[in-house]
Every structure is written in C-alpha cells, then in structure tokens.
$ cat start_16.txt   # compact mmCIF, C-alpha atoms and all ligand atoms
# COMPACT_ATOMS: atom_id res chain seq x y z
CA MET A 1299 37.12 37.35 -4.93
CA ASP A 1300 38.43 38.30 -8.37
CA THR A 1301 41.68 40.20 -8.59
CA LYS A 1302 41.03 43.95 -8.79
CA ILE A 1303 43.29 46.71 -10.01
CA ILE A 1304 44.43 49.79 -8.11
CA VAL A 1305 46.30 52.37 -10.20
CA ALA A 1306 49.12 54.18 -8.38
CA LEU A 1307 48.89 57.92 -9.01
CA ASP A 1308 52.48 59.03 -8.47
CA PHE A 1309 52.53 62.51 -9.99
CA PRO A 1310 54.11 65.91 -9.19
CA ASP A 1311 50.91 67.90 -9.75
CA PHE A 1312 47.14 67.68 -9.81
CA SER A 1313 46.59 68.14 -13.54
CA LYS A 1314 48.79 65.19 -14.53
CA ALA A 1315 47.00 62.90 -12.05
CA ALA A 1316 43.54 64.14 -13.02
CA ASP A 1317 44.30 63.78 -16.76
CA LEU A 1318 45.28 60.16 -16.21
CA VAL A 1319 42.10 59.41 -14.24
CA THR A 1320 40.02 61.06 -16.95
CA ASN A 1321 41.90 59.14 -19.65
CA LEU A 1322 41.26 55.81 -17.90
CA SER A 1323 37.60 56.84 -17.46
CA ASP A 1324 35.52 53.83 -16.46
CA THR A 1325 38.20 51.13 -16.90
CA VAL A 1326 39.57 51.75 -13.39
CA ASP A 1327 37.65 52.69 -10.26
CA PHE A 1328 40.31 52.36 -7.53
CA TYR A 1329 43.31 54.70 -7.23
CA LYS A 1330 46.25 54.91 -4.87
CA VAL A 1331 47.38 58.31 -3.62
CA GLY A 1332 50.95 57.95 -2.39
CA LEU A 1333 53.59 60.25 -0.96
CA GLU A 1334 54.38 62.31 -4.08
CA SER A 1335 50.78 63.04 -5.05
CA PHE A 1336 49.66 63.56 -1.46
CA ILE A 1337 52.40 66.12 -0.80
CA SER A 1338 51.89 67.94 -4.09
CA CYS A 1339 48.10 68.02 -4.31
CA GLY A 1340 46.61 65.48 -1.84
CA GLU A 1341 43.37 67.17 -0.73
CA LYS A 1342 42.43 68.33 -4.21
CA LEU A 1343 43.21 64.98 -5.80
CA ILE A 1344 41.30 62.93 -3.23
CA HIS A 1345 38.32 65.25 -3.52
CA PHE A 1346 38.46 64.92 -7.34
CA LEU A 1347 38.59 61.12 -7.12
CA LYS A 1348 35.76 60.83 -4.60
CA SER A 1349 33.55 63.28 -6.46
CA ASN A 1350 34.04 61.16 -9.58
CA GLY A 1351 32.88 58.05 -7.73
CA LYS A 1352 36.36 56.50 -7.43
CA LYS A 1353 37.77 54.55 -4.48
CA VAL A 1354 40.91 55.81 -2.77
CA PHE A 1355 43.79 53.94 -1.16
CA LEU A 1356 45.75 56.46 0.94
CA ASP A 1357 49.27 55.01 0.77
CA LEU A 1358 51.25 57.05 3.28
CA LYS A 1359 52.74 53.99 5.02
CA PHE A 1360 52.65 55.44 8.52
CA HIS A 1361 55.60 54.28 10.65
CA ASP A 1362 55.90 56.00 14.02
CA ILE A 1363 54.95 55.56 17.68
CA PRO A 1364 51.41 54.25 18.39
CA ASN A 1365 49.90 57.59 19.45
CA THR A 1366 51.23 59.42 16.38
CA VAL A 1367 50.14 56.77 13.89
CA ALA A 1368 46.70 56.31 15.46
CA SER A 1369 46.13 60.09 15.45
CA ALA A 1370 47.28 60.41 11.81
CA SER A 1371 45.04 57.47 10.83
CA LEU A 1372 42.04 59.08 12.56
CA ALA A 1373 42.83 62.43 10.88
CA SER A 1374 42.86 60.73 7.47
CA LEU A 1375 39.22 59.66 7.91
CA LYS A 1376 38.19 63.18 6.90
CA TYR A 1377 39.06 62.22 3.32
CA ASP A 1378 36.49 59.40 3.19
CA ILE A 1379 39.19 56.97 2.03
CA ASP A 1380 38.54 53.30 1.33
CA MET A 1381 41.94 51.87 2.29
CA LEU A 1382 44.78 53.11 4.50
CA ASN A 1383 48.16 51.68 5.41
CA VAL A 1384 50.95 51.63 7.99
CA HIS A 1385 54.23 49.72 8.18
CA ALA A 1386 53.91 46.41 10.05
CA GLN A 1387 57.45 47.15 11.30
CA GLY A 1388 55.88 49.88 13.48
CA GLY A 1389 54.87 47.09 15.86
CA SER A 1390 51.85 45.18 17.09
CA ILE A 1391 50.95 47.80 19.72
CA MET A 1392 50.96 50.50 17.06
CA MET A 1393 48.75 48.41 14.77
CA SER A 1394 46.28 47.36 17.47
CA THR A 1395 46.00 50.96 18.67
CA VAL A 1396 45.17 52.03 15.11
CA SER A 1397 42.63 49.26 14.56
CA SER A 1398 40.79 49.80 17.85
CA GLU A 1399 40.71 53.60 17.54
CA ILE A 1400 39.57 53.53 13.91
CA GLU A 1401 36.91 50.93 14.68
CA ASN A 1402 35.57 52.87 17.68
CA TYR A 1403 35.50 56.14 15.77
CA CYS A 1404 33.77 54.66 12.72
CA ASP A 1405 31.17 52.87 14.91
CA LYS A 1406 30.46 56.02 16.90
CA HIS A 1407 30.03 58.19 13.78
CA SER A 1408 28.37 55.51 11.60
CA LEU A 1409 31.17 55.69 9.06
CA GLN A 1410 32.27 52.92 6.72
CA LYS A 1411 35.61 51.71 8.14
CA PRO A 1412 38.43 51.85 5.54
CA TYR A 1413 40.40 48.66 4.99
CA LEU A 1414 43.40 48.70 7.33
CA ILE A 1415 46.45 47.29 5.61
CA ALA A 1416 50.07 46.89 6.77
CA VAL A 1417 53.15 46.86 4.56
CA THR A 1418 55.24 43.75 5.24
CA LEU A 1419 58.41 43.94 3.13
CA LEU A 1420 58.54 46.52 0.32
CA THR A 1421 58.47 44.90 -3.12
CA SER A 1422 61.66 46.81 -3.98
CA LEU A 1423 63.54 44.66 -1.44
CA ASN A 1424 64.82 41.09 -1.59
CA GLU A 1425 66.92 38.64 0.48
CA THR A 1426 69.96 40.97 0.29
CA HIS A 1427 68.04 43.44 2.46
CA LEU A 1428 67.34 40.78 5.10
CA ARG A 1429 71.05 39.92 5.29
CA GLU A 1430 72.14 43.60 5.27
CA TYR A 1431 69.77 44.41 8.13
CA LYS A 1432 70.66 41.16 9.98
CA ILE A 1433 67.04 40.01 9.90
CA ASN A 1434 67.02 36.45 11.09
CA ALA A 1435 64.41 35.00 8.72
CA LYS A 1436 65.23 32.15 6.31
CA SER A 1437 63.65 33.93 3.35
CA THR A 1438 61.59 36.93 2.30
CA LEU A 1439 58.60 34.57 2.24
CA GLU A 1440 59.08 33.51 5.89
CA TYR A 1441 59.60 37.15 6.93
CA VAL A 1442 56.49 38.37 5.11
CA VAL A 1443 54.26 35.60 6.50
CA ASP A 1444 55.51 36.27 10.06
CA LEU A 1445 54.67 39.98 9.70
CA ALA A 1446 51.29 39.09 8.17
CA LYS A 1447 50.48 36.92 11.23
CA ILE A 1448 51.25 39.84 13.59
CA THR A 1449 49.21 42.15 11.36
CA GLN A 1450 46.15 39.90 11.51
CA LYS A 1451 46.45 39.48 15.31
CA SER A 1452 46.51 43.29 15.58
CA GLY A 1453 43.06 43.55 14.01
CA PHE A 1454 44.07 44.63 10.50
CA ASP A 1455 42.26 43.53 7.33
CA GLY A 1456 45.28 42.60 5.25
CA VAL A 1457 48.80 43.25 4.07
CA VAL A 1458 50.85 44.75 1.27
CA ALA A 1459 53.20 42.06 -0.01
CA SER A 1460 54.49 40.68 -3.28
CA ALA A 1461 52.11 38.46 -5.22
CA ARG A 1462 54.82 35.80 -4.77
CA GLU A 1463 53.80 35.51 -1.12
CA VAL A 1464 50.02 35.47 -1.56
CA SER A 1465 49.50 31.68 -1.53
CA ALA A 1466 51.45 31.30 1.71
CA ILE A 1467 49.61 34.23 3.31
CA LYS A 1468 46.19 32.87 2.32
CA ASN A 1469 47.10 29.31 3.41
CA THR A 1470 48.27 30.55 6.80
CA LEU A 1471 45.76 33.30 7.56
CA GLY A 1472 42.67 32.42 5.54
CA ASN A 1473 41.22 33.58 2.28
CA ASP A 1474 39.45 36.60 3.78
CA PHE A 1475 42.73 38.22 4.85
CA LEU A 1476 43.36 40.75 2.09
CA THR A 1477 46.44 40.83 -0.10
CA VAL A 1478 47.36 44.10 -1.81
CA THR A 1479 50.24 43.50 -4.19
CA PRO A 1480 52.47 46.09 -5.90
CA GLY A 1481 55.53 45.05 -7.95
CA ILE A 1482 53.25 44.02 -10.81
CA ARG A 1483 55.00 43.96 -14.16
CA PRO A 1484 53.51 42.73 -17.43
CA ALA A 1485 56.13 40.95 -19.60
CA TRP A 1486 56.26 44.05 -21.85
CA ALA A 1487 57.03 46.54 -19.04
CA ALA A 1488 60.31 47.65 -17.44
CA LYS A 1489 61.02 46.33 -13.93
CA ASN A 1490 62.28 49.78 -12.72
CA ASP A 1491 63.19 49.68 -9.02
CA GLN A 1492 60.96 46.70 -8.21
CA GLN A 1493 62.52 43.36 -7.12
CA ARG A 1494 59.81 40.84 -6.20
CA VAL A 1495 57.83 41.23 -9.43
CA VAL A 1496 54.95 39.17 -10.82
CA THR A 1497 52.93 39.54 -14.04
CA PRO A 1498 49.23 40.47 -13.85
CA SER A 1499 48.20 37.06 -15.17
CA GLU A 1500 50.32 35.24 -12.54
CA ALA A 1501 49.00 37.57 -9.82
CA SER A 1502 45.44 36.68 -10.74
CA LYS A 1503 46.21 32.93 -10.71
CA LEU A 1504 47.93 33.32 -7.34
CA GLY A 1505 44.71 34.76 -5.87
CA CYS A 1506 45.77 38.37 -5.15
CA ASP A 1507 42.81 40.47 -4.04
CA TYR A 1508 44.23 43.75 -5.36
CA ILE A 1509 47.15 44.42 -7.69
CA VAL A 1510 48.72 47.87 -7.46
CA ILE A 1511 50.19 49.09 -10.70
CA GLY A 1512 51.75 52.43 -11.55
CA ARG A 1513 54.39 53.09 -14.23
CA PRO A 1514 53.37 50.36 -16.71
CA ILE A 1515 50.20 52.47 -17.07
CA THR A 1516 51.12 55.96 -15.90
CA ALA A 1517 54.39 56.19 -17.89
CA SER A 1518 52.87 54.69 -21.02
CA SER A 1519 52.21 56.91 -24.04
CA LYS A 1520 48.82 55.15 -24.23
CA PRO A 1521 47.67 54.63 -20.64
CA TYR A 1522 44.16 53.52 -21.60
CA LYS A 1523 45.52 50.78 -23.91
CA ALA A 1524 48.05 49.69 -21.25
CA ALA A 1525 45.28 49.43 -18.62
CA GLU A 1526 43.08 47.47 -21.02
CA LYS A 1527 45.90 45.02 -21.78
CA ILE A 1528 46.48 44.49 -18.06
CA LEU A 1529 42.77 43.97 -17.39
CA GLU A 1530 42.62 41.43 -20.22
CA GLU A 1531 45.55 39.55 -18.63
CA LEU A 1532 43.75 39.55 -15.29
CA ASN A 1533 40.57 38.13 -16.80
CA ASP A 1534 42.21 35.49 -19.03
O1 LIG B 1 55.90 47.27 -1.16
C1 LIG B 1 55.46 48.24 -1.80
C2 LIG B 1 54.57 49.14 -1.25
C3 LIG B 1 54.09 50.15 -2.03
N1 LIG B 1 54.48 50.30 -3.31
C4 LIG B 1 53.89 51.41 -4.09
O2 LIG B 1 53.17 50.87 -5.22
C5 LIG B 1 53.39 51.64 -6.37
C6 LIG B 1 54.01 50.79 -7.43
O3 LIG B 1 54.27 51.57 -8.57
P1 LIG B 1 54.98 51.01 -9.87
O4 LIG B 1 55.18 52.23 -10.71
O5 LIG B 1 54.02 50.02 -10.48
O6 LIG B 1 56.28 50.38 -9.47
C7 LIG B 1 54.24 52.83 -5.96
O7 LIG B 1 53.37 53.92 -5.70
C8 LIG B 1 54.89 52.40 -4.65
O8 LIG B 1 55.07 53.47 -3.75
C9 LIG B 1 55.37 49.41 -3.86
O9 LIG B 1 55.77 49.51 -5.04
N2 LIG B 1 55.81 48.38 -3.08

$ encode --input "start_16.txt" --output "structure tokens"
Amino acid sequence: MDTKIIVALDFPDFSKAADLVTNLSDTVDFYKVGLESFISCGEKLIHFLKSNGKKVFLDLKFHDIPNTVASASLASLKYDIDMLNVHAQGGSIMMSTVSSEIENYCDKHSLQKPYLIAVTLLTSLNETHLREYKINAKSTLEYVVDLAKITQKSGFDGVVASAREVSAIKNTLGNDFLTVTPGIRPAWAAKNDQQRVVTPSEASKLGCDYIVIGRPITASSKPYKAAEKILEELND
C-alpha cells in the first residue's frame, strides 16, 4: 500500500478548520479530528467533512476502563468515522472489549467497521520518558513493538507510532497491520514539540501506511503549496 496522508485539523473553531479543508480541496481526502477541534466544533466539523466526501480519523485517544472506552467507541459510530483510536496503555482487556463490541455492532447493523488503532508511545516522547516512568524496556523501539504485539492480539487493525518504528512493526506483525505515523516533519518545517520525527520521504520509504501531518501544513501561510510539496516528497 502506498503511503497516504492524513491532515491533522487542530483548530479552535469551525471556520478555521473548514477554510483549511476548502483550501486543500482535492489534494487531501483524509482528515484527523483531535481533541481541540472535537471539543470546539466536533459534530459540525465531522458532518462538514463527511458531506464533502472526506474520510475522518477521530483521534480522541480513549484511555479509561474497558466499559467506558467500549461505550465511548460505540457512541462514536454515530459520526460514520473511518478510523478511531485508544491508548494501548489502557490494557489488552480494554482493547479486546472495544474490538469485539465494535465488530458485533457493525455486523448487526451492516455498518462499515472503522479502523481500530491504538497509540503506542506518543511521538512527543523519547527514551527520557521511559527512564522517568521506570519503564523497563531497552529502547522506545522495543517498547513500541511490545505494545503493537498486544494491540494486534486484542483484535485491533494497527497502531499509532513513529515512522522510525514501522519496519520493526511490519517485520514482527506482518505488512497488513496498519501503521499510522505522526511526528512527520519535512526538512523545511519546525520540529515543535515532536521528538521521534521523520521526513515524509523517509516515511514513505519506511513503508508507513498513513502519515499524520498538522502544523507544517496548517500553520503555513500557503497550506495548499505545503501539502503539494509533502505529496511530491511522498511520491518521489
Ligand atoms: O503519538 C502521537 C499521537 C498523535 N499525535 C497527533 O498528531 C498530530 C500531529 O500534529 P503536528 O502539528 O504535525 O505535530 C497532532 O494532532 C497530535 O495530537 C501526535 O503528534 N503523536
């Protein structure tokens, strides 16, 4: 599968998010609605995206007890989303409860099941975090792959990780296990708060299924041009 782009819509109001989507027009067809946009204008924004034929990744990173996360995941199906995520740290019982309940519900109501994805280690974190939290893994890579194994056993379709970890994830869990990779930074963009960063061209060579990219596009004075440059890098 070729590497695809998901643009992160992190905005304080609907009009800013909608303007960006309109500006990118047909260059991008997959958008991520995260915490800021969901809280400020979630329903309206998702409806706008879906009615314009766009795909939606609902990035609320659920992390709670199994019953709460499974119920929230089921509730989110009303938005007709294409991808949904939880934190793998929430545990294997939480993840398997989500996957079985979502699968049963979608089968029963003949709905297309959204991709179920679990966040391994946020791309804003590095080895310092593992040491600070006394996590007994040799490296971020080992930690991420271990969480990815638990995620796959729990019936999920893939993980959020850094593109740096994609080869190891694919080698261990197979090519069909999806990798959704934020922390993407073209050479010309600021790193901001991201730690485990990779350029779009490297991400494509590493075999990422989806790159998630926000500020290099959304904070640019010419978002359309920035998106085009990134797409060119992906297709080089
Ligand atoms: O590990 C993670 C998980 C999620 N994100 C989200 O992706 C975007 C990245 O935005 P940039 O502006 O390109 O940094 C953002 O919405 C995060 O919440 C992540 O960065 N890392």

$ residues_around --input "start_16.txt" --residues "Ser1518 of chain A" --least-positions-apart "6" --cutoff "12 Å" --atoms "only C-alpha atoms" --output "short mmCIF file (atom, residue, chain, number, x, y, z; two decimals) with C-alpha atoms, in the frame of the given file"
data_model
loop_
_atom_site.label_atom_id
_atom_site.label_comp_id
_atom_site.auth_asym_id
_atom_site.auth_seq_id
_atom_site.Cartn_x
_atom_site.Cartn_y
_atom_site.Cartn_z
CA LEU A 1318 45.28 60.16 -16.21
CA ASN A 1321 41.90 59.14 -19.65
CA TRP A 1486 56.26 44.05 -21.85
CA ALA A 1487 57.03 46.54 -19.04
CA ALA A 1488 60.31 47.65 -17.44
CA GLY A 1512 51.75 52.43 -11.55
CA ALA A 1524 48.05 49.69 -21.25
CA ALA A 1525 45.28 49.43 -18.62
CA LYS A 1527 45.90 45.02 -21.78
#

$ residues_near_point --input "start_16.txt" --point "(61.4, 43.7, -1.4)" --cutoff "10 Å" --atoms "all atoms listed in the file" --output "list of chain:residue names"
A:Thr1418, A:Leu1419, A:Leu1420, A:Thr1421, A:Ser1422, A:Leu1423, A:Asn1424, A:Glu1425, A:Thr1426, A:His1427, A:Leu1428, A:Thr1438, A:Val1442, A:Ala1459, A:Ser1460, A:Gly1481, A:Asp1491, A:Gln1492, A:Gln1493, A:Arg1494, A:Val1495

$ residues_around --input "start_16.txt" --residues "Lys1348 of chain A" --least-positions-apart "4" --cutoff "9 Å" --atoms "all atoms listed in the file" --output "JSON, numbers by chain"
{"A": [1343, 1344, 1352, 1353, 1354, 1377, 1378, 1379]}

$ residues_near_ligand --input "start_16.txt" --ligand "ligand LIG 1 (chain B)" --cutoff "9 Å" --atoms "only C-alpha atoms and all ligand atoms" --output "JSON, numbers by chain"
{"A": [1305, 1306, 1307, 1308, 1330, 1331, 1332, 1333, 1334, 1357, 1358, 1359, 1417, 1418, 1419, 1420, 1421, 1422, 1423, 1458, 1459, 1460, 1478, 1479, 1480, 1481, 1482, 1483, 1489, 1490, 1491, 1492, 1510, 1511, 1512, 1513, 1514, 1515, 1516, 1517]}

$ atom_distance --input "start_16.txt" --atom1 "atom CA of Phe1360 of chain A" --atom2 "atom CA of Ser1338 of chain A"
17.8 Å

$ closest_residue --input "start_16.txt" --among "A:Ile1400, A:Met1393, A:Val1326, A:Ala1501" --to "Ser1374 of chain A" --atoms "all atoms listed in the file"
A:Ile1400

$ closest_residue --input "start_16.txt" --among "A:Ile1528, A:Leu1375, A:Val1384, A:Lys1432" --to "Tyr1403 of chain A" --atoms "all atoms listed in the file"
A:Leu1375

$ closest_residue --input "start_16.txt" --among "A:Asp1362, A:Asp1311, A:Asp1455, A:Gly1388" --to "Glu1401 of chain A" --atoms "all atoms listed in the file"
A:Asp1455

$ residues_around --input "start_16.txt" --residues "segment 1465-1472 of chain A" --least-positions-apart "3" --cutoff "12 Å" --atoms "only C-alpha atoms" --output "PyMOL selection string"
chain A and resi 1418+1438-1451+1454-1462+1475-1479+1500-1507

$ write_last_selection --input "start_16.txt" --atoms "C-alpha atoms" --output "JSON list (two decimals), in the frame of the given file"
[["chain", "number", "residue", "atom", "x", "y", "z"],
["A", 1418, "THR", "CA", 55.24, 43.75, 5.24],
["A", 1438, "THR", "CA", 61.59, 36.93, 2.30],
["A", 1439, "LEU", "CA", 58.60, 34.57, 2.24],
["A", 1440, "GLU", "CA", 59.08, 33.51, 5.89],
["A", 1441, "TYR", "CA", 59.60, 37.15, 6.93],
["A", 1442, "VAL", "CA", 56.49, 38.37, 5.11],
["A", 1443, "VAL", "CA", 54.26, 35.60, 6.50],
["A", 1444, "ASP", "CA", 55.51, 36.27, 10.06],
["A", 1445, "LEU", "CA", 54.67, 39.98, 9.70],
["A", 1446, "ALA", "CA", 51.29, 39.09, 8.17],
["A", 1447, "LYS", "CA", 50.48, 36.92, 11.23],
["A", 1448, "ILE", "CA", 51.25, 39.84, 13.59],
["A", 1449, "THR", "CA", 49.21, 42.15, 11.36],
["A", 1450, "GLN", "CA", 46.15, 39.90, 11.51],
["A", 1451, "LYS", "CA", 46.45, 39.48, 15.31],
["A", 1454, "PHE", "CA", 44.07, 44.63, 10.50],
["A", 1455, "ASP", "CA", 42.26, 43.53, 7.33],
["A", 1456, "GLY", "CA", 45.28, 42.60, 5.25],
["A", 1457, "VAL", "CA", 48.80, 43.25, 4.07],
["A", 1458, "VAL", "CA", 50.85, 44.75, 1.27],
["A", 1459, "ALA", "CA", 53.20, 42.06, -0.01],
["A", 1460, "SER", "CA", 54.49, 40.68, -3.28],
["A", 1461, "ALA", "CA", 52.11, 38.46, -5.22],
["A", 1462, "ARG", "CA", 54.82, 35.80, -4.77],
["A", 1475, "PHE", "CA", 42.73, 38.22, 4.85],
["A", 1476, "LEU", "CA", 43.36, 40.75, 2.09],
["A", 1477, "THR", "CA", 46.44, 40.83, -0.10],
["A", 1478, "VAL", "CA", 47.36, 44.10, -1.81],
["A", 1479, "THR", "CA", 50.24, 43.50, -4.19],
["A", 1500, "GLU", "CA", 50.32, 35.24, -12.54],
["A", 1501, "ALA", "CA", 49.00, 37.57, -9.82],
["A", 1502, "SER", "CA", 45.44, 36.68, -10.74],
["A", 1503, "LYS", "CA", 46.21, 32.93, -10.71],
["A", 1504, "LEU", "CA", 47.93, 33.32, -7.34],
["A", 1505, "GLY", "CA", 44.71, 34.76, -5.87],
["A", 1506, "CYS", "CA", 45.77, 38.37, -5.15],
["A", 1507, "ASP", "CA", 42.81, 40.47, -4.04]]

$ atom_distance --input "start_16.txt" --atom1 "atom CA of Lys1314 of chain A" --atom2 "atom CA of Asn1350 of chain A"
16.1 Å

$ residues_near_point --input "start_16.txt" --point "(52.7, 56.6, 17.9)" --cutoff "10 Å" --atoms "all atoms listed in the file" --output "list in words"
Phe1360, His1361, Asp1362, Ile1363, Pro1364, Asn1365, Thr1366, Val1367, Ala1368, Ser1369, Ala1370, Gly1388, Gly1389, Ile1391, Met1392, Met1393, Thr1395 and Val1396 of chain A

$ closest_residue --input "start_16.txt" --among "A:Leu1356, A:Met1381, A:Tyr1522, A:Asn1533" --to "Asp1324 of chain A" --atoms "all atoms listed in the file"
A:Tyr1522

$ atom_distance --input "start_16.txt" --atom1 "atom CA of Asn1434 of chain A" --atom2 "atom CA of Ser1394 of chain A"
24.3 Å

$ closest_residue --input "start_16.txt" --among "A:Phe1312, A:Ser1371, A:Lys1376, A:Val1496" --to "Leu1347 of chain A" --atoms "all atoms listed in the file"
A:Phe1312

$ closest_residue --input "start_16.txt" --among "A:Glu1430, A:Asp1380, A:Asp1534, A:Glu1341" --to "Phe1355 of chain A" --atoms "all atoms listed in the file"
A:Asp1380
